[in-house]
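Structure data follow from start-v6.pdb (PDB, C-alpha atoms, pLDDT in the B column):
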```pdb
ATOM      1  CA  MET I   6      17.400  -6.512  17.413  1.00 58.00           C
ATOM      2  CA  THR I   7      16.694  -2.933  16.631  1.00 49.00           C
ATOM      3  CA  GLY I   8      13.212  -1.716  15.976  1.00 48.00           C
ATOM      4  CA  GLN I   9      10.050  -2.978  17.568  1.00 47.00           C
ATOM      5  CA  PHE I  10       8.900  -5.294  14.765  1.00 47.00           C
ATOM      6  CA  HIS I  11       6.324  -6.923  16.988  1.00 49.00           C
ATOM      7  CA  SER I  12       4.194  -3.786  17.208  1.00 58.00           C
ATOM      8  CA  ASP I  13       3.158  -3.480  13.547  1.00 68.00           C
ATOM      9  CA  PRO I  14       1.778  -6.607  11.866  1.00 67.00           C
ATOM     10  CA  GLU I  15       1.612  -4.876   8.490  1.00 73.00           C
ATOM     11  CA  THR I  16       5.359  -4.233   8.227  1.00 78.00           C
ATOM     12  CA  TYR I  17       6.775  -7.020  10.409  1.00 76.00           C
ATOM     13  CA  LEU I  18       7.819  -9.559   7.776  1.00 76.00           C
ATOM     14  CA  LYS I  19       9.423  -7.057   5.432  1.00 83.00           C
ATOM     15  CA  ALA I  20      11.285  -5.338   8.277  1.00 83.00           C
ATOM     16  CA  ILE I  21      12.483  -8.512   9.988  1.00 84.00           C
ATOM     17  CA  ARG I  22      13.680 -10.057   6.733  1.00 83.00           C
ATOM     18  CA  ALA I  23      15.627  -6.872   5.972  1.00 84.00           C
ATOM     19  CA  GLU I  24      17.307  -6.867   9.382  1.00 86.00           C
ATOM     20  CA  LEU I  25      17.688 -10.647   9.752  1.00 85.00           C
ATOM     21  CA  PRO I  26      18.657 -12.246   6.437  1.00 86.00           C
ATOM     22  CA  LEU I  27      18.537 -15.685   8.126  1.00 94.00           C
ATOM     23  CA  TYR I  28      14.900 -15.239   9.169  1.00 94.00           C
ATOM     24  CA  ASP I  29      13.458 -17.735   6.674  1.00 95.00           C
ATOM     25  CA  ALA I  30      16.258 -20.247   7.294  1.00 97.00           C
ATOM     26  CA  LEU I  31      15.571 -20.001  11.046  1.00 97.00           C
ATOM     27  CA  GLN I  32      11.847 -20.564  10.483  1.00 97.00           C
ATOM     28  CA  ASP I  33      12.546 -23.539   8.197  1.00 98.00           C
ATOM     29  CA  ALA I  34      14.977 -25.053  10.694  1.00 98.00           C
ATOM     30  CA  ALA I  35      12.479 -24.681  13.536  1.00 98.00           C
ATOM     31  CA  ILE I  36       9.756 -26.491  11.599  1.00 98.00           C
ATOM     32  CA  ALA I  37      12.222 -29.209  10.519  1.00 98.00           C
ATOM     33  CA  ALA I  38      13.151 -29.723  14.192  1.00 98.00           C
ATOM     34  CA  ILE I  39       9.633 -30.757  15.229  1.00 98.00           C
ATOM     35  CA  PRO I  40      10.240 -34.335  16.430  1.00 98.00           C
ATOM     36  CA  PHE I  41       6.816 -35.858  15.632  1.00 98.00           C
ATOM     37  CA  ALA I  42       3.400 -34.962  14.235  1.00 98.00           C
ATOM     38  CA  PRO I  43       1.937 -32.850  17.038  1.00 98.00           C
ATOM     39  CA  GLY I  44      -1.725 -32.755  17.994  1.00 97.00           C
ATOM     40  CA  ARG I  45      -1.965 -29.931  20.544  1.00 97.00           C
ATOM     41  CA  VAL I  46       0.527 -27.117  19.950  1.00 98.00           C
ATOM     42  CA  LEU I  47       1.232 -24.027  22.040  1.00 98.00           C
ATOM     43  CA  GLU I  48       3.063 -21.227  20.236  1.00 97.00           C
ATOM     44  CA  LEU I  49       4.745 -18.611  22.396  1.00 97.00           C
ATOM     45  CA  GLY I  50       4.899 -15.248  20.620  1.00 94.00           C
ATOM     46  CA  ILE I  51       2.775 -15.918  17.533  1.00 93.00           C
ATOM     47  CA  GLY I  52       3.425 -12.485  16.042  1.00 87.00           C
ATOM     48  CA  THR I  53       2.048 -12.383  12.508  1.00 85.00           C
ATOM     49  CA  GLY I  54       1.619 -16.161  12.495  1.00 90.00           C
ATOM     50  CA  GLU I  55       4.521 -17.031  10.203  1.00 92.00           C
ATOM     51  CA  THR I  56       5.643 -19.985  12.334  1.00 96.00           C
ATOM     52  CA  THR I  57       2.068 -21.248  12.660  1.00 94.00           C
ATOM     53  CA  ARG I  58       1.513 -21.018   8.899  1.00 93.00           C
ATOM     54  CA  ARG I  59       4.654 -23.049   8.269  1.00 96.00           C
ATOM     55  CA  LEU I  60       3.794 -25.573  10.992  1.00 97.00           C
ATOM     56  CA  LEU I  61       0.272 -26.104   9.639  1.00 95.00           C
ATOM     57  CA  ALA I  62       1.599 -26.547   6.102  1.00 96.00           C
ATOM     58  CA  VAL I  63       3.578 -29.562   7.344  1.00 97.00           C
ATOM     59  CA  HIS I  64       1.198 -30.718  10.119  1.00 97.00           C
ATOM     60  CA  PRO I  65      -2.313 -29.633   9.042  1.00 96.00           C
ATOM     61  CA  GLU I  66      -3.934 -31.749  11.757  1.00 96.00           C
ATOM     62  CA  ALA I  67      -2.285 -29.743  14.561  1.00 96.00           C
ATOM     63  CA  ALA I  68      -4.530 -27.677  16.833  1.00 95.00           C
ATOM     64  CA  VAL I  69      -2.609 -24.492  17.674  1.00 95.00           C
ATOM     65  CA  THR I  70      -3.161 -22.290  20.697  1.00 95.00           C
ATOM     66  CA  ALA I  71      -1.042 -19.163  20.644  1.00 95.00           C
ATOM     67  CA  LEU I  72       0.100 -16.396  22.966  1.00 95.00           C
ATOM     68  CA  ASP I  73       1.480 -12.947  22.237  1.00 93.00           C
ATOM     69  CA  SER I  74       2.010  -9.865  24.378  1.00 92.00           C
ATOM     70  CA  SER I  75       1.059  -7.488  21.556  1.00 88.00           C
ATOM     71  CA  ALA I  76      -2.659  -6.772  21.135  1.00 88.00           C
ATOM     72  CA  GLU I  77      -2.065  -5.901  17.472  1.00 85.00           C
ATOM     73  CA  MET I  78      -0.417  -9.257  16.824  1.00 85.00           C
ATOM     74  CA  VAL I  79      -3.148 -11.162  18.696  1.00 87.00           C
ATOM     75  CA  PHE I  80      -5.782  -9.444  16.549  1.00 83.00           C
ATOM     76  CA  ARG I  81      -3.862 -10.331  13.370  1.00 82.00           C
ATOM     77  CA  ALA I  82      -3.221 -13.937  14.474  1.00 81.00           C
ATOM     78  CA  ARG I  83      -6.932 -14.531  15.057  1.00 81.00           C
ATOM     79  CA  GLU I  84      -7.334 -14.300  11.277  1.00 80.00           C
ATOM     80  CA  LEU I  85      -5.293 -17.519  10.923  1.00 80.00           C
ATOM     81  CA  GLY I  86      -8.069 -19.724  12.229  1.00 72.00           C
ATOM     82  CA  VAL I  87      -6.007 -21.223  15.035  1.00 84.00           C
ATOM     83  CA  GLU I  88      -7.716 -22.899  17.966  1.00 81.00           C
ATOM     84  CA  GLU I  89      -7.217 -19.942  20.321  1.00 90.00           C
ATOM     85  CA  VAL I  90      -5.081 -16.810  20.521  1.00 91.00           C
ATOM     86  CA  ARG I  91      -4.526 -15.165  23.900  1.00 92.00           C
ATOM     87  CA  LEU I  92      -3.027 -11.858  24.909  1.00 92.00           C
ATOM     88  CA  ALA I  93      -0.410 -13.042  27.403  1.00 95.00           C
ATOM     89  CA  ARG I  94       3.246 -12.783  28.279  1.00 95.00           C
ATOM     90  CA  MET I  95       5.612 -15.752  28.447  1.00 95.00           C
ATOM     91  CA  GLU I  96       6.092 -14.944  32.138  1.00 96.00           C
ATOM     92  CA  ASP I  97       2.383 -15.633  32.760  1.00 95.00           C
ATOM     93  CA  PRO I  98       1.149 -19.140  33.575  1.00 95.00           C
ATOM     94  CA  LEU I  99       0.943 -21.270  30.451  1.00 96.00           C
ATOM     95  CA  PRO I 100      -2.500 -22.350  29.272  1.00 95.00           C
ATOM     96  CA  ASP I 101      -3.428 -25.755  30.628  1.00 93.00           C
ATOM     97  CA  GLY I 102      -1.665 -28.629  28.938  1.00 90.00           C
ATOM     98  CA  PRO I 103      -0.740 -31.203  28.222  1.00 96.00           C
ATOM     99  CA  TRP I 104       0.794 -29.987  24.972  1.00 98.00           C
ATOM    100  CA  ASP I 105       2.386 -32.206  22.398  1.00 98.00           C
ATOM    101  CA  LEU I 106       4.628 -29.335  21.336  1.00 98.00           C
ATOM    102  CA  VAL I 107       5.541 -25.887  22.582  1.00 98.00           C
ATOM    103  CA  ILE I 108       7.195 -23.838  19.842  1.00 98.00           C
ATOM    104  CA  SER I 109       8.620 -20.340  19.788  1.00 98.00           C
ATOM    105  CA  VAL I 110      10.597 -18.435  17.175  1.00 97.00           C
ATOM    106  CA  LEU I 111      12.212 -15.073  17.978  1.00 95.00           C
ATOM    107  CA  ALA I 112      10.424 -14.433  21.265  1.00 96.00           C
ATOM    108  CA  VAL I 113      12.268 -16.092  24.157  1.00 98.00           C
ATOM    109  CA  HIS I 114      15.328 -13.842  23.775  1.00 97.00           C
ATOM    110  CA  HIS I 115      13.261 -11.102  25.436  1.00 96.00           C
ATOM    111  CA  LEU I 116      13.402 -13.021  28.747  1.00 97.00           C
ATOM    112  CA  ASP I 117      16.390 -12.763  31.068  1.00 98.00           C
ATOM    113  CA  ASP I 118      18.214 -15.970  32.007  1.00 98.00           C
ATOM    114  CA  ASP I 119      16.036 -16.618  35.085  1.00 98.00           C
ATOM    115  CA  GLY I 120      12.936 -16.058  32.963  1.00 98.00           C
ATOM    116  CA  LYS I 121      14.187 -18.519  30.351  1.00 98.00           C
ATOM    117  CA  ARG I 122      14.936 -21.177  32.983  1.00 98.00           C
ATOM    118  CA  ASP I 123      11.497 -20.690  34.540  1.00 98.00           C
ATOM    119  CA  LEU I 124       9.773 -20.870  31.151  1.00 98.00           C
ATOM    120  CA  PHE I 125      11.622 -24.068  30.211  1.00 98.00           C
ATOM    121  CA  ARG I 126      10.690 -25.624  33.580  1.00 98.00           C
ATOM    122  CA  ARG I 127       6.994 -24.810  32.995  1.00 98.00           C
ATOM    123  CA  VAL I 128       7.164 -26.137  29.428  1.00 98.00           C
ATOM    124  CA  ARG I 129       8.778 -29.384  30.635  1.00 97.00           C
ATOM    125  CA  GLU I 130       5.927 -29.870  33.135  1.00 97.00           C
ATOM    126  CA  GLN I 131       3.207 -29.522  30.485  1.00 97.00           C
ATOM    127  CA  SER I 132       4.564 -30.734  27.155  1.00 98.00           C
ATOM    128  CA  ARG I 133       6.091 -33.635  25.285  1.00 98.00           C
ATOM    129  CA  ALA I 134       8.478 -31.425  23.275  1.00 98.00           C
ATOM    130  CA  LEU I 135       9.915 -27.943  22.888  1.00 98.00           C
ATOM    131  CA  VAL I 136      11.270 -26.329  19.725  1.00 98.00           C
ATOM    132  CA  LEU I 137      12.898 -22.943  20.107  1.00 98.00           C
ATOM    133  CA  GLY I 138      14.341 -20.870  17.262  1.00 98.00           C
ATOM    134  CA  ASP I 139      15.937 -17.648  18.380  1.00 98.00           C
ATOM    135  CA  VAL I 140      18.814 -15.226  18.416  1.00 97.00           C
ATOM    136  CA  VAL I 141      21.537 -16.504  20.748  1.00 98.00           C
ATOM    137  CA  ALA I 142      24.545 -14.952  22.419  1.00 97.00           C
ATOM    138  CA  VAL I 143      27.714 -15.467  20.366  1.00 96.00           C
ATOM    139  CA  GLU I 144      31.071 -13.742  20.030  1.00 94.00           C
ATOM    140  CA  PRO I 145      31.174 -11.604  18.071  1.00 94.00           C
ATOM    141  CA  GLN I 146      27.482 -10.700  18.109  1.00 94.00           C
ATOM    142  CA  THR I 147      26.627  -9.589  14.579  1.00 92.00           C
ATOM    143  CA  VAL I 148      22.915  -8.913  15.113  1.00 91.00           C
ATOM    144  CA  GLU I 149      22.392  -5.496  16.618  1.00 90.00           C
ATOM    145  CA  LEU I 150      20.683  -5.947  19.986  1.00 92.00           C
ATOM    146  CA  GLU I 151      18.509  -3.436  21.801  1.00 93.00           C
ATOM    147  CA  PRO I 152      19.801  -3.095  25.391  1.00 93.00           C
ATOM    148  CA  GLY I 153      17.266  -4.138  28.010  1.00 94.00           C
ATOM    149  CA  VAL I 154      14.966  -5.665  25.360  1.00 94.00           C
ATOM    150  CA  ASP I 155      17.086  -8.291  23.615  1.00 95.00           C
ATOM    151  CA  LEU I 156      18.604 -10.637  26.195  1.00 97.00           C
ATOM    152  CA  PRO I 157      19.936 -13.662  24.326  1.00 97.00           C
ATOM    153  CA  ALA I 158      21.722 -16.495  26.099  1.00 98.00           C
ATOM    154  CA  SER I 159      24.052 -18.989  24.473  1.00 98.00           C
ATOM    155  CA  ALA I 160      22.560 -21.937  22.626  1.00 98.00           C
ATOM    156  CA  ALA I 161      24.477 -24.302  24.923  1.00 98.00           C
ATOM    157  CA  ASP I 162      23.056 -22.702  28.079  1.00 98.00           C
ATOM    158  CA  GLN I 163      19.511 -22.729  26.771  1.00 98.00           C
ATOM    159  CA  ALA I 164      19.787 -26.324  25.592  1.00 98.00           C
ATOM    160  CA  ALA I 165      21.012 -27.307  29.070  1.00 98.00           C
ATOM    161  CA  TRP I 166      18.217 -25.349  30.801  1.00 98.00           C
ATOM    162  CA  ALA I 167      15.626 -26.985  28.534  1.00 98.00           C
ATOM    163  CA  ASP I 168      17.148 -30.494  28.828  1.00 98.00           C
ATOM    164  CA  GLY I 169      17.532 -30.463  25.063  1.00 98.00           C
ATOM    165  CA  GLU I 170      20.012 -30.091  22.254  1.00 98.00           C
ATOM    166  CA  THR I 171      21.004 -27.586  19.605  1.00 98.00           C
ATOM    167  CA  VAL I 172      19.914 -28.991  16.235  1.00 98.00           C
ATOM    168  CA  TRP I 173      20.763 -26.019  13.980  1.00 98.00           C
ATOM    169  CA  GLU I 174      23.050 -23.058  14.457  1.00 98.00           C
ATOM    170  CA  GLN I 175      24.094 -20.364  12.042  1.00 97.00           C
ATOM    171  CA  GLY I 176      25.707 -17.109  13.108  1.00 95.00           C
ATOM    172  CA  ASP I 177      23.643 -15.468  15.835  1.00 96.00           C
ATOM    173  CA  PHE I 178      20.752 -17.919  15.519  1.00 97.00           C
ATOM    174  CA  ALA I 179      20.014 -21.415  16.774  1.00 98.00           C
ATOM    175  CA  VAL I 180      17.223 -23.943  16.952  1.00 98.00           C
ATOM    176  CA  LEU I 181      16.933 -26.050  20.084  1.00 98.00           C
ATOM    177  CA  ARG I 182      14.848 -29.161  20.529  1.00 98.00           C
ATOM    178  CA  ALA I 183      13.908 -31.016  23.694  1.00 98.00           C
ATOM    179  CA  THR I 184      11.683 -34.059  24.082  1.00 98.00           C
ATOM    180  CA  TYR I 185      10.196 -35.029  27.420  1.00 97.00           C
ATOM    181  CA  ASP I 186       8.644 -38.483  26.832  1.00 78.00           C
TER     182      ASP I 186
END
```

Can I see the file as structure tokens?
Amino acid sequence: MTGQFHSDPETYLKAIRAELPLYDALQDAAIAAIPFAPGRVLELGIGTGETTRRLLAVHPEAAVTALDSSAEMVFRARELGVEEVRLARMEDPLPDGPWDLVISVLAVHHLDDDGKRDLFRRVREQSRALVLGDVVAVEPQTVELEPGVDLPASAADQAAWADGETVWEQGDFAVLRATYD
């Protein structure tokens, strides 16, 4: 996806909605895919907190811990009143679980395939469920990707790596869900 939306919290939502018309549908589908009322939630790539806001609107009892690799986004996310926000990359060790839910929207596509497999393995070890909403590799790819930054894999591959299933797919976007109970 062109542009580095993640670096400017003030313009992120407007810019991402302009470039990705399915942004709100993807967010809605990710929240709808949550398989149960979660207690402890880990969000990977909190950004401006849009996913967390939507999650808490449906599950206000959830305690969210969030990670992001952008200092600007971490600063902004701290205003949400979540349990904890850490400056961290998805490649770093996950905060100590167990987690009821690990959720990520539009972040995991920045990992290469080995990074995705490793992340899903670590999530499986520490959580009851995973919900992932992201850009996926399709033919033809209609979302403009930034070489070396945007590294989507197919929904089918990611679902297999996560031991899950694709629950929503539209164009270049998919939502995957995996439960580990």

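The interatomic distance for the pair atom CA of Phe80 of chain I and atom CA of Lys19 of chain I works out to 19.0 Å.
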
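Residue nearest Leu124 of chain I within the list I:Trp104, I:Trp166, I:Phe178, I:Tyr185: I:Trp166 [criterion: smallest interatomic distance, all atoms listed in the file].
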
Subject >> Which of I:Ile51, I:Val113, I:Leu25, I:Ile39 sits closest to Val63 of chain I [using all atoms listed in the file] >> reply: I:Ile39

Original post:
So how far away is atom CA of Ser159 of chain I from atom CA of Leu31 of chain I, in Å?
Top reply: 15.9 Å

**OP:** Might you spell out which residues the PyMOL selection byres ((chain I and resi 33) around 12) would select in the displayed file, as an MDAnalysis selection string?
**Re:** chainID I and resid 27:32 34:39 55:60 62:63 110 136:138 173 179:180

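Closest approach to Ala112 of chain I among I:Glu89, I:Glu84, I:Asp97, I:Glu48: I:Glu48, based on all atoms listed in the file.
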
Original post:
Just how far from atom CA of Ala158 of chain I is atom CA of Asp123 of chain I, in Å to one decimal?
Top reply: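 Calculated distance between atom CA of Asp123 of chain I and atom CA of Ala158 of chain I is 13.9 Å.
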
Subject >> Test item: residues at most 6 Å from segment 73-75 of chain I, all atoms listed in the file, excluding those fewer than 5 positions along its chain, as a ChimeraX atom specification >> reply: /I:50-51,92-94

Excluding Val69 of chain I and any residue of its chain fewer than 4 positions from it, enumerate the residues within 9 Å of it, using all atoms listed in the file, and give them as a tab-separated table (two decimals) with C-alpha atoms, in the frame of the given file.
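Result file part09.tsv:
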```
chain	number	residue	atom	x	y	z
I	44	GLY	CA	-1.72	-32.76	17.99
I	45	ARG	CA	-1.96	-29.93	20.54
I	46	VAL	CA	0.53	-27.12	19.95
I	47	LEU	CA	1.23	-24.03	22.04
I	48	GLU	CA	3.06	-21.23	20.24
I	57	THR	CA	2.07	-21.25	12.66
I	61	LEU	CA	0.27	-26.10	9.64
I	87	VAL	CA	-6.01	-21.22	15.04
I	88	GLU	CA	-7.72	-22.90	17.97
I	89	GLU	CA	-7.22	-19.94	20.32
I	90	VAL	CA	-5.08	-16.81	20.52
```

Original post:
Counting all atoms listed in the file, what is within 12 Å of Ala161 of chain I, bar same-chain residues fewer than 6 positions away, as a PyMOL selection string?
Top reply: chain I and resi 141-143+167-174+178-182

Centre, edges in Å (one decimal): axis-aligned box, segment 111-127 of chain I, 4 Å padding on all six sides, as lines of an AutoDock Vina configuration file:
```
center_x = 12.6
center_y = -18.4
center_z = 26.5
size_x = 19.2
size_y = 22.5
size_z = 25.1
```

Subject >> Among the residues I:Val148, I:Asp139, I:Leu72, I:Pro157, the one that comes closest to Glu24 of chain I [using all atoms listed in the file] >> reply: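 Residue with the minimum atom-to-atom distance to Glu24 of chain I: I:Val148.
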
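Residue nearest Pro103 of chain I within the list I:Ser132, I:Thr53, I:Thr70, I:Gln146: I:Ser132 [criterion: smallest interatomic distance, only C-alpha atoms].
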
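Among the candidates I:Gly86, I:Gly54, I:Gly153, I:Pro145, the residue lying nearest to His115 of chain I is I:Gly153 (atoms considered: only C-alpha atoms).
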
Given the PyMOL selection byres ((chain I and resi 43) around 8) and the file above, list the residues it selects as an mmCIF file with C-alpha atoms, keeping the file's coordinate frame.
```cif
data_model
loop_
_atom_site.group_PDB
_atom_site.id
_atom_site.type_symbol
_atom_site.label_atom_id
_atom_site.label_comp_id
_atom_site.auth_asym_id
_atom_site.auth_seq_id
_atom_site.Cartn_x
_atom_site.Cartn_y
_atom_site.Cartn_z
ATOM 1 C CA PHE I 41 6.816 -35.858 15.632
ATOM 2 C CA ALA I 42 3.400 -34.962 14.235
ATOM 3 C CA GLY I 44 -1.725 -32.755 17.994
ATOM 4 C CA ARG I 45 -1.965 -29.931 20.544
ATOM 5 C CA VAL I 46 0.527 -27.117 19.950
ATOM 6 C CA HIS I 64 1.198 -30.718 10.119
ATOM 7 C CA GLU I 66 -3.934 -31.749 11.757
ATOM 8 C CA ALA I 67 -2.285 -29.743 14.561
ATOM 9 C CA ASP I 105 2.386 -32.206 22.398
ATOM 10 C CA LEU I 106 4.628 -29.335 21.336
#
```

Please reconstruct the missing atoms of segment 134-156 of chain I (target: N, CA, C and O atoms) and return them as an mmCIF file, in the frame of the given file.
```cif
data_model
loop_
_atom_site.group_PDB
_atom_site.id
_atom_site.type_symbol
_atom_site.label_atom_id
_atom_site.label_comp_id
_atom_site.auth_asym_id
_atom_site.auth_seq_id
_atom_site.Cartn_x
_atom_site.Cartn_y
_atom_site.Cartn_z
ATOM 1 N N ALA I 134 7.317 -31.915 24.020
ATOM 2 C CA ALA I 134 8.478 -31.425 23.275
ATOM 3 C C ALA I 134 8.485 -29.901 23.232
ATOM 4 O O ALA I 134 7.439 -29.255 23.332
ATOM 5 N N LEU I 135 9.684 -29.377 23.052
ATOM 6 C CA LEU I 135 9.915 -27.943 22.888
ATOM 7 C C LEU I 135 10.778 -27.749 21.657
ATOM 8 O O LEU I 135 11.779 -28.456 21.475
ATOM 9 N N VAL I 136 10.414 -26.785 20.816
ATOM 10 C CA VAL I 136 11.270 -26.329 19.725
ATOM 11 C C VAL I 136 11.384 -24.825 19.868
ATOM 12 O O VAL I 136 10.379 -24.120 19.952
ATOM 13 N N LEU I 137 12.614 -24.360 19.927
ATOM 14 C CA LEU I 137 12.898 -22.943 20.107
ATOM 15 C C LEU I 137 13.859 -22.491 19.023
ATOM 16 O O LEU I 137 14.953 -23.043 18.891
ATOM 17 N N GLY I 138 13.465 -21.497 18.250
ATOM 18 C CA GLY I 138 14.341 -20.870 17.262
ATOM 19 C C GLY I 138 14.520 -19.423 17.667
ATOM 20 O O GLY I 138 13.533 -18.698 17.829
ATOM 21 N N ASP I 139 15.772 -19.001 17.862
ATOM 22 C CA ASP I 139 15.937 -17.648 18.380
ATOM 23 C C ASP I 139 17.338 -17.129 18.144
ATOM 24 O O ASP I 139 18.246 -17.882 17.777
ATOM 25 N N VAL I 140 17.498 -15.840 18.398
ATOM 26 C CA VAL I 140 18.814 -15.226 18.416
ATOM 27 C C VAL I 140 19.498 -15.707 19.699
ATOM 28 O O VAL I 140 18.852 -15.846 20.738
ATOM 29 N N VAL I 141 20.779 -16.023 19.597
ATOM 30 C CA VAL I 141 21.537 -16.504 20.748
ATOM 31 C C VAL I 141 22.789 -15.655 20.923
ATOM 32 O O VAL I 141 23.239 -14.982 19.998
ATOM 33 N N ALA I 142 23.332 -15.699 22.119
ATOM 34 C CA ALA I 142 24.545 -14.952 22.419
ATOM 35 C C ALA I 142 25.749 -15.670 21.814
ATOM 36 O O ALA I 142 25.959 -16.855 22.069
ATOM 37 N N VAL I 143 26.488 -14.952 20.976
ATOM 38 C CA VAL I 143 27.714 -15.467 20.366
ATOM 39 C C VAL I 143 28.746 -14.349 20.373
ATOM 40 O O VAL I 143 28.426 -13.182 20.549
ATOM 41 N N GLU I 144 29.995 -14.724 20.157
ATOM 42 C CA GLU I 144 31.071 -13.742 20.030
ATOM 43 C C GLU I 144 31.714 -13.909 18.671
ATOM 44 O O GLU I 144 32.123 -15.006 18.333
ATOM 45 N N PRO I 145 31.777 -12.914 17.848
ATOM 46 C CA PRO I 145 31.174 -11.604 18.071
ATOM 47 C C PRO I 145 29.698 -11.637 17.709
ATOM 48 O O PRO I 145 29.271 -12.389 16.821
ATOM 49 N N GLN I 146 28.910 -10.820 18.396
ATOM 50 C CA GLN I 146 27.482 -10.700 18.109
ATOM 51 C C GLN I 146 27.335 -9.821 16.877
ATOM 52 O O GLN I 146 27.772 -8.685 16.871
ATOM 53 N N THR I 147 26.763 -10.377 15.802
ATOM 54 C CA THR I 147 26.627 -9.589 14.579
ATOM 55 C C THR I 147 25.250 -8.955 14.442
ATOM 56 O O THR I 147 25.098 -7.966 13.741
ATOM 57 N N VAL I 148 24.242 -9.514 15.105
ATOM 58 C CA VAL I 148 22.915 -8.913 15.113
ATOM 59 C C VAL I 148 22.935 -7.777 16.124
ATOM 60 O O VAL I 148 23.399 -7.945 17.248
ATOM 61 N N GLU I 149 22.446 -6.635 15.709
ATOM 62 C CA GLU I 149 22.392 -5.496 16.618
ATOM 63 C C GLU I 149 21.273 -5.724 17.632
ATOM 64 O O GLU I 149 20.121 -5.958 17.264
ATOM 65 N N LEU I 150 21.636 -5.684 18.911
ATOM 66 C CA LEU I 150 20.683 -5.947 19.986
ATOM 67 C C LEU I 150 20.258 -4.642 20.642
ATOM 68 O O LEU I 150 21.049 -3.712 20.757
ATOM 69 N N GLU I 151 19.023 -4.599 21.085
ATOM 70 C CA GLU I 151 18.509 -3.436 21.801
ATOM 71 C C GLU I 151 18.690 -3.684 23.298
ATOM 72 O O GLU I 151 18.079 -4.608 23.859
ATOM 73 N N PRO I 152 19.541 -2.889 23.962
ATOM 74 C CA PRO I 152 19.801 -3.095 25.391
ATOM 75 C C PRO I 152 18.509 -3.089 26.217
ATOM 76 O O PRO I 152 17.617 -2.273 25.988
ATOM 77 N N GLY I 153 18.420 -4.042 27.139
ATOM 78 C CA GLY I 153 17.266 -4.138 28.010
ATOM 79 C C GLY I 153 16.058 -4.809 27.375
ATOM 80 O O GLY I 153 15.087 -5.125 28.063
ATOM 81 N N VAL I 154 16.090 -5.035 26.067
ATOM 82 C CA VAL I 154 14.966 -5.665 25.360
ATOM 83 C C VAL I 154 15.388 -7.018 24.812
ATOM 84 O O VAL I 154 14.675 -8.005 24.945
ATOM 85 N N ASP I 155 16.549 -7.061 24.183
ATOM 86 C CA ASP I 155 17.086 -8.291 23.615
ATOM 87 C C ASP I 155 18.098 -8.863 24.590
ATOM 88 O O ASP I 155 19.131 -8.242 24.850
ATOM 89 N N LEU I 156 17.794 -10.034 25.137
ATOM 90 C CA LEU I 156 18.604 -10.637 26.195
ATOM 91 C C LEU I 156 18.981 -12.079 25.852
ATOM 92 O O LEU I 156 18.676 -13.007 26.594
#
```
